[in-house]
Amino acid sequence: MGMSTSDHYFTSQPSSASAPTTHEVKVRNMKMLLAGDRGVFNQGDLDWGTRVLIENANVPTGGTLLDLGCGGGAIAVALAMLRPDATIWAVDINERALDITRTSVALNKLTNVRTALPSDVPSDLTFDAIWSNPPIRVGKEALHQLLREWLPRLTPNGAADLVVHKNLGSDSLAKWLVSEGYTVARQASKQGYRVLHVTRA
């Protein structure tokens with residue numbers, strides 16, 4: 001990523017000292033325990049974007065679901081609770097994030113979440129749904145590259161729900177997705193966050 005100066009949540013090995021925390025979070029009538037740590041997006045509490053996504057996206061159908069850029073694992077935990085019969089993949093390049101996600105999964109006694117680095121996800125695996133609070137701050141090019149890599153792995157009837165703040169370019173991202181051949185519906189807007197529901201055109 002070429003990011004050496006600042007220790008952000010998309011570095012693969014955060015340099016900041018570990019300072020683990022646990023938060024109890026209520027969302028969509030569910031009580032979740034979330035682990036957190038420095039150098040991991042969310043640090044255990046639920047940020048607005050993630051909350052807006054979990055509360056407003058339709059509960060996905062299908063047996064294989066993806067939390068793309070899982071951070072501390074809030075989305076993966078929510079998906080696993082909403083769909084105990086599905087397998088949830090929690091994917092992130094940040095190894096500390098994957099550790100935190102594993103802790104969050106264990107705290108909630110869930111058995112249907114698999115954490116993985118992108119390179120550890122089987123290349124032929126497809127997803128019935130993707131939920132993501134994507135790392136907008138990596139920049140447009142890196143974000144587009146990320147979505148080009150993962151959106152084609154949706155099943156033919158699959159859908160991705162992405163939460164993006166309007167000040168961070170939700171409208172331009174929606175336009176770009178349409179130009180890439182997807183159908184985009186804006187599902188919710190709260191605190192400036194929009195949920196983009198993305199399906200194959």
# chains A, B, ... in the order shown; residues from 1 in each chain; ligands from 1
>>> residues_around(residues="stretch 23-30 of chain A", least_positions_apart="5", cutoff="9 Å", atoms="only C-alpha atoms", output="PDB file with C-alpha atoms, in the first residue's frame")
ATOM      1  CA  ALA A  35     -13.544  -6.669  20.530  1.00  0.00           C
ATOM      2  CA  GLY A  36     -11.431  -3.707  19.490  1.00  0.00           C
ATOM      3  CA  GLY A  44     -14.670  -2.117  19.127  1.00  0.00           C
ATOM      4  CA  ASP A  45     -17.428   0.455  19.096  1.00  0.00           C
ATOM      5  CA  LEU A  46     -19.883   0.673  16.216  1.00  0.00           C
ATOM      6  CA  ARG A  51     -24.573   0.831  12.039  1.00  0.00           C
ATOM      7  CA  ILE A  54     -26.486  -3.306   9.468  1.00  0.00           C
ATOM      8  CA  GLU A  55     -29.777  -1.598  10.303  1.00  0.00           C
ATOM      9  CA  ASN A  56     -30.877  -0.785   6.758  1.00  0.00           C
ATOM     10  CA  ALA A  78     -24.127  -9.257  12.597  1.00  0.00           C
ATOM     11  CA  MET A  81     -26.315 -13.727  13.939  1.00  0.00           C
ATOM     12  CA  LEU A  82     -28.842 -12.791  11.256  1.00  0.00           C
TER      13      LEU A  82
END
>>> closest_atom_pairs(of="stretch 130-199 of chain A", to="stretch 89-113 of chain A", cutoff="12 Å", atoms="only C-alpha atoms", output="JSON lines")
{"residue": "A:Ile130", "atom": "CA", "partner": "A:Trp89", "partner_atom": "CA", "distance": 9.4}
{"residue": "A:Trp131", "atom": "CA", "partner": "A:Ala90", "partner_atom": "CA", "distance": 9.9}
{"residue": "A:Ser132", "atom": "CA", "partner": "A:Ala90", "partner_atom": "CA", "distance": 10.1}
{"residue": "A:Asn133", "atom": "CA", "partner": "A:Asp92", "partner_atom": "CA", "distance": 11.7}
{"residue": "A:Pro134", "atom": "CA", "partner": "A:Asp92", "partner_atom": "CA", "distance": 10.6}
{"residue": "A:Pro135", "atom": "CA", "partner": "A:Asp92", "partner_atom": "CA", "distance": 10.5}
{"residue": "A:Leu146", "atom": "CA", "partner": "A:Asp92", "partner_atom": "CA", "distance": 11.1}
{"residue": "A:Trp150", "atom": "CA", "partner": "A:Val91", "partner_atom": "CA", "distance": 10.8}
>>> select_by_dssp(residues="stretch 20-171 of chain A", states="strand (DSSP E)", output="PyMOL selection string")
chain A and resi 21-27+30-36+64-68+87-91+113-116+127-132+154-165
>>> closest_residue(among="A:Gly181, A:Pro122, A:Gly49, A:Gly192", to="A:Leu151", atoms="only C-alpha atoms")
A:Gly181
>>> decode(residues="stretch 77-143 of chain A", atoms="C-alpha atoms", output="mmCIF file, in the first residue's frame")
data_model
loop_
_atom_site.group_PDB
_atom_site.id
_atom_site.type_symbol
_atom_site.label_atom_id
_atom_site.label_comp_id
_atom_site.auth_asym_id
_atom_site.auth_seq_id
_atom_site.Cartn_x
_atom_site.Cartn_y
_atom_site.Cartn_z
ATOM 1 C CA VAL A 77 -20.835 -10.892 13.609
ATOM 2 C CA ALA A 78 -24.127 -9.257 12.597
ATOM 3 C CA LEU A 79 -24.372 -11.392 9.448
ATOM 4 C CA ALA A 80 -23.557 -14.537 11.432
ATOM 5 C CA MET A 81 -26.315 -13.727 13.939
ATOM 6 C CA LEU A 82 -28.842 -12.791 11.256
ATOM 7 C CA ARG A 83 -27.991 -15.882 9.177
ATOM 8 C CA PRO A 84 -26.844 -18.681 11.516
ATOM 9 C CA ASP A 85 -27.313 -21.169 8.662
ATOM 10 C CA ALA A 86 -24.909 -19.343 6.314
ATOM 11 C CA THR A 87 -21.102 -19.296 6.182
ATOM 12 C CA ILE A 88 -19.708 -15.786 6.646
ATOM 13 C CA TRP A 89 -16.257 -14.931 5.274
ATOM 14 C CA ALA A 90 -14.569 -12.003 7.044
ATOM 15 C CA VAL A 91 -11.753 -10.717 4.843
ATOM 16 C CA ASP A 92 -9.176 -8.002 5.561
ATOM 17 C CA ILE A 93 -5.532 -7.276 4.711
ATOM 18 C CA ASN A 94 -4.931 -6.112 8.290
ATOM 19 C CA GLU A 95 -3.811 -9.125 10.346
ATOM 20 C CA ARG A 96 -4.654 -7.419 13.626
ATOM 21 C CA ALA A 97 -8.179 -6.838 12.297
ATOM 22 C CA LEU A 98 -8.511 -10.567 11.610
ATOM 23 C CA ASP A 99 -7.348 -11.340 15.169
ATOM 24 C CA ILE A 100 -9.909 -8.903 16.578
ATOM 25 C CA THR A 101 -12.626 -10.368 14.357
ATOM 26 C CA ARG A 102 -11.773 -13.861 15.647
ATOM 27 C CA THR A 103 -12.090 -12.547 19.212
ATOM 28 C CA SER A 104 -15.439 -10.874 18.428
ATOM 29 C CA VAL A 105 -16.701 -14.109 16.852
ATOM 30 C CA ALA A 106 -15.614 -16.117 19.923
ATOM 31 C CA LEU A 107 -17.162 -13.592 22.349
ATOM 32 C CA ASN A 108 -20.521 -14.163 20.637
ATOM 33 C CA LYS A 109 -20.030 -17.965 20.531
ATOM 34 C CA LEU A 110 -20.476 -18.014 16.755
ATOM 35 C CA THR A 111 -19.225 -20.949 14.715
ATOM 36 C CA ASN A 112 -20.145 -19.884 11.175
ATOM 37 C CA VAL A 113 -17.511 -17.189 10.504
ATOM 38 C CA ARG A 114 -14.247 -17.776 8.639
ATOM 39 C CA THR A 115 -11.577 -15.066 8.830
ATOM 40 C CA ALA A 116 -9.122 -14.823 5.962
ATOM 41 C CA LEU A 117 -6.560 -12.680 4.230
ATOM 42 C CA PRO A 118 -7.674 -11.969 0.635
ATOM 43 C CA SER A 119 -5.052 -14.409 -0.663
ATOM 44 C CA ASP A 120 -6.467 -17.196 1.538
ATOM 45 C CA VAL A 121 -9.967 -17.086 0.062
ATOM 46 C CA PRO A 122 -10.392 -19.940 -2.471
ATOM 47 C CA SER A 123 -10.252 -18.361 -5.921
ATOM 48 C CA ASP A 124 -13.343 -20.221 -7.155
ATOM 49 C CA LEU A 125 -15.515 -19.236 -4.181
ATOM 50 C CA THR A 126 -18.532 -17.075 -5.033
ATOM 51 C CA PHE A 127 -20.704 -15.075 -2.646
ATOM 52 C CA ASP A 128 -24.473 -14.738 -2.410
ATOM 53 C CA ALA A 129 -24.030 -11.373 -0.732
ATOM 54 C CA ILE A 130 -21.284 -8.915 0.155
ATOM 55 C CA TRP A 131 -21.645 -6.377 2.950
ATOM 56 C CA SER A 132 -18.948 -3.748 3.249
ATOM 57 C CA ASN A 133 -18.067 -0.455 4.847
ATOM 58 C CA PRO A 134 -15.322 -0.036 2.251
ATOM 59 C CA PRO A 135 -12.036 1.736 3.010
ATOM 60 C CA ILE A 136 -12.809 4.924 1.069
ATOM 61 C CA ARG A 137 -9.657 6.635 2.344
ATOM 62 C CA VAL A 138 -7.373 4.269 0.427
ATOM 63 C CA GLY A 139 -8.238 6.499 -2.546
ATOM 64 C CA LYS A 140 -10.431 6.053 -5.579
ATOM 65 C CA GLU A 141 -8.008 3.924 -7.574
ATOM 66 C CA ALA A 142 -7.390 1.392 -4.798
ATOM 67 C CA LEU A 143 -11.102 1.306 -3.945
#
